[in-house]
Amino acid sequence: MRPAGRALVRALGTDDEQVRAIAGMMLVKSGGKAKPLLQEALNRRENVSTVLAVLGSIGDPSMEPEIRRFADDQDPQVSKAARDALRVVHYKT
Amino acid sequence: MAYKKTEQPIKSPDAFRDLEDNHVLSQASVLLLLGAQMEAAEPVSSPSGVRSMRTVFKKVPKEYVTRLNVPSLKPHTSRRIPPQQVRAALQRHSALFGQPLTETPQDVIFGLARNLHRRRDLLSLSSLLEACLTHAHEVVRVAAALAYFYVSSEPARLLDIIEKGAASSEATVRDLARAALLRLSPGHPFLRELTQSLSRGQTGASPHTTLLVHGTFARNEPWWRPGGDYYNYLLNNGVRPDLYTGQDPFEWTGGYSDADRAMAADDLKNWLAAPAHNIQKPYLITHSHGGSVAMLASQNGLDLGPLVLLSCPVHFPKYMPDFTRVGKIVSIHVKFDWVIFLDGGAQRFNHPKIKEIVLPIWFDHSATHDPGVWRANNLPGKIPS
């Protein structure tokens, strides 16, 4: 499933709205299994703001430090996504 | 090559006769609906088995099942069939199956579809699905793999087909395959009490009162933002000249959880009440789960004007409006929206206070915010003024 998982993370950056939505939905549904792939994507700064939204929806408090390091990112889209993801994680716990 | 928008789906079994776009997409849809029957059904040794076979169609409006002439399967005594048994049946059907087959000829598939309509049993279904795993079109292969997942005793090889489809360069195949994987993945528990409220900065007070609310993972989509194609269409063509034009439009995480939506509902309420906006009873046009956000907001005490729901998945009773707080409600959707189907939502509300507008388009989840579709179907004249 790892190659398929990476394809899903890549799809978070596609211009196709349906494809991006479905990829994100799948990653959220995968829950904890998707975390290593999402972490990799963050390290590579691949589709960061959408990856952060996925992590927020998964809602695992253990990912909070990972999300938090983007809260003051220079890219306002990224920092906003990180702060919102933290709110969702707190909301769920 | 992208498939053309489907306005006239083809009934089964004739859908399996040809490889035109309408035929191919109809074949995939028929297989999805057959799979849904198998997913919902228990073997008849279970007392609930026959009942669940009868009630599966409640998930998809009967008119779509009827329109596609999906055969209703007979109650069965076993749930999973070994591929060897299916291959033996296929070899009896055609000598072609005596050797490895890279692509099943369409006339053979058509024969198997007709056979399924005659027999309506598990072996006939399995034979059609097995043959469609080597269909000429990947979208049909993926649909067959998903449907077969609930029937075959060897589901692992089916996942390979779906995973391959998920990386396809063809958007329709990718959409279906990725949604199929989503469907086969375990569920995720959500929804907690709201514990935090929003504080955010706002700029640019505006007298405008129509707002667009995006759907899942569409936060960074251009179509709903100032300058986007759908935004410009609404604003500049007299459809909604009162569209909010500030540079801080309402947006939410776009995440895929009940928590994201519940938080967004609260954020919407706060955004409207903020001094910089101070908007009362906004006219909302929402797409997909953006509609769920709007409905939750009304449940949380927000008074809304008219509400236009585009391609909104119906999750009753979790997401329903508070009708005492909302103006006229219109739900606009295509027929048998694949994304809604695979998300697990129902396709229509079937509520007397919600006007349904069903477009003469099948399967496409994004068609409802396409300006061309709005023009072609005179939608500006059909939404509340």
# chains A, B, ... in the order shown; residues from 1 in each chain; ligands from 1

$ residues_around --residues "Ser152 of chain B" --least-positions-apart "4" --cutoff "6 Å" --atoms "only C-alpha atoms" --output "list of chain:residue names"
B:Arg80, B:Ile81, B:Tyr148

$ select_by_dssp --residues "segment 30-87 of chain A" --states "helix (DSSP H, G or I)" --output "PyMOL selection string"
chain A and resi 30-43+48-58+61-68+76-87

$ residues_around --residues "segment 167-179 of chain B" --least-positions-apart "6" --cutoff "9 Å" --atoms "only C-alpha atoms" --output "list in words"
Ala4, Ala7, Leu8, Ala11, Asp16, Gln18, Val19, Arg20, Ile22, Ala23, Met25 and Met26 of chain A; Met1, Ala2, Tyr3, Glu138, Val139, Val140, Val142, Ala143, Leu146, Ile161, Trp338, Val339, Leu342, Asp343 and Asp364 of chain B

$ interface_residues --of "chain A" --to "chain B" --cutoff "9 Å" --atoms "only C-alpha atoms" --output "number ranges by chain"
A: 1, 3-4, 7-8, 11-12, 15-31, 49-50, 53-59, 77, 81, 84-85, 87-93

$ atom_distance --atom1 "atom CA of Tyr64 of chain B" --atom2 "atom CA of Leu212 of chain B"
29.4 Å

$ closest_residue --among "A:Ala71, A:Val9, A:Leu86, A:Met63" --to "Glu46 of chain A" --atoms "only C-alpha atoms"
A:Val9

$ atom_distance --atom1 "atom CA of Pro82 of chain B" --atom2 "atom CA of Ser153 of chain B"
5.1 Å

$ atom_distance --atom1 "atom CA of Val308 of chain B" --atom2 "atom CA of Val330 of chain B"
4.9 Å

$ residues_around --residues "Gly345 of chain B" --least-positions-apart "3" --cutoff "9 Å" --atoms "only C-alpha atoms" --output "PyMOL selection string"
chain B and resi 59+312-316+339-342+348

$ closest_residue --among "B:Ala144, B:Ala156, B:Leu235, B:Leu302" --to "Leu32 of chain B" --atoms "only C-alpha atoms"
B:Ala144

$ residues_around --residues "Lys353 of chain B" --least-positions-apart "6" --cutoff "12 Å" --atoms "only C-alpha atoms" --output "count of residues only"
13

$ residues_around --residues "Leu31 of chain B" --least-positions-apart "2" --cutoff "7 Å" --atoms "only C-alpha atoms" --output "compact mmCIF listing (two decimals) with N, CA and C atoms, in the first residue's frame"
# COMPACT_ATOMS: atom_id res chain seq x y z
N GLN B 27 -21.64 0.93 -17.70
CA GLN B 27 -21.19 -0.40 -17.24
C GLN B 27 -20.58 -0.29 -15.85
N ALA B 28 -19.72 0.70 -15.66
CA ALA B 28 -19.08 0.87 -14.34
C ALA B 28 -20.15 1.12 -13.27
N SER B 29 -21.15 1.91 -13.61
CA SER B 29 -22.20 2.23 -12.62
C SER B 29 -23.02 1.00 -12.27
N LEU B 33 -23.41 -0.68 -8.51
CA LEU B 33 -24.70 -0.94 -7.85
C LEU B 33 -24.86 -2.43 -7.52
N LEU B 34 -24.33 -3.28 -8.35
CA LEU B 34 -24.35 -4.71 -8.03
C LEU B 34 -23.48 -4.97 -6.79
N GLY B 35 -22.33 -4.29 -6.74
CA GLY B 35 -21.46 -4.44 -5.57
C GLY B 35 -22.15 -3.95 -4.31
N ALA B 143 -14.30 -0.64 -11.17
CA ALA B 143 -15.66 -0.85 -10.64
C ALA B 143 -15.91 -2.33 -10.38
N ALA B 144 -15.43 -3.18 -11.30
CA ALA B 144 -15.61 -4.63 -11.13
C ALA B 144 -14.83 -5.11 -9.90
N ALA B 147 -16.76 -4.10 -6.75
CA ALA B 147 -17.97 -4.93 -6.57
C ALA B 147 -17.58 -6.36 -6.17
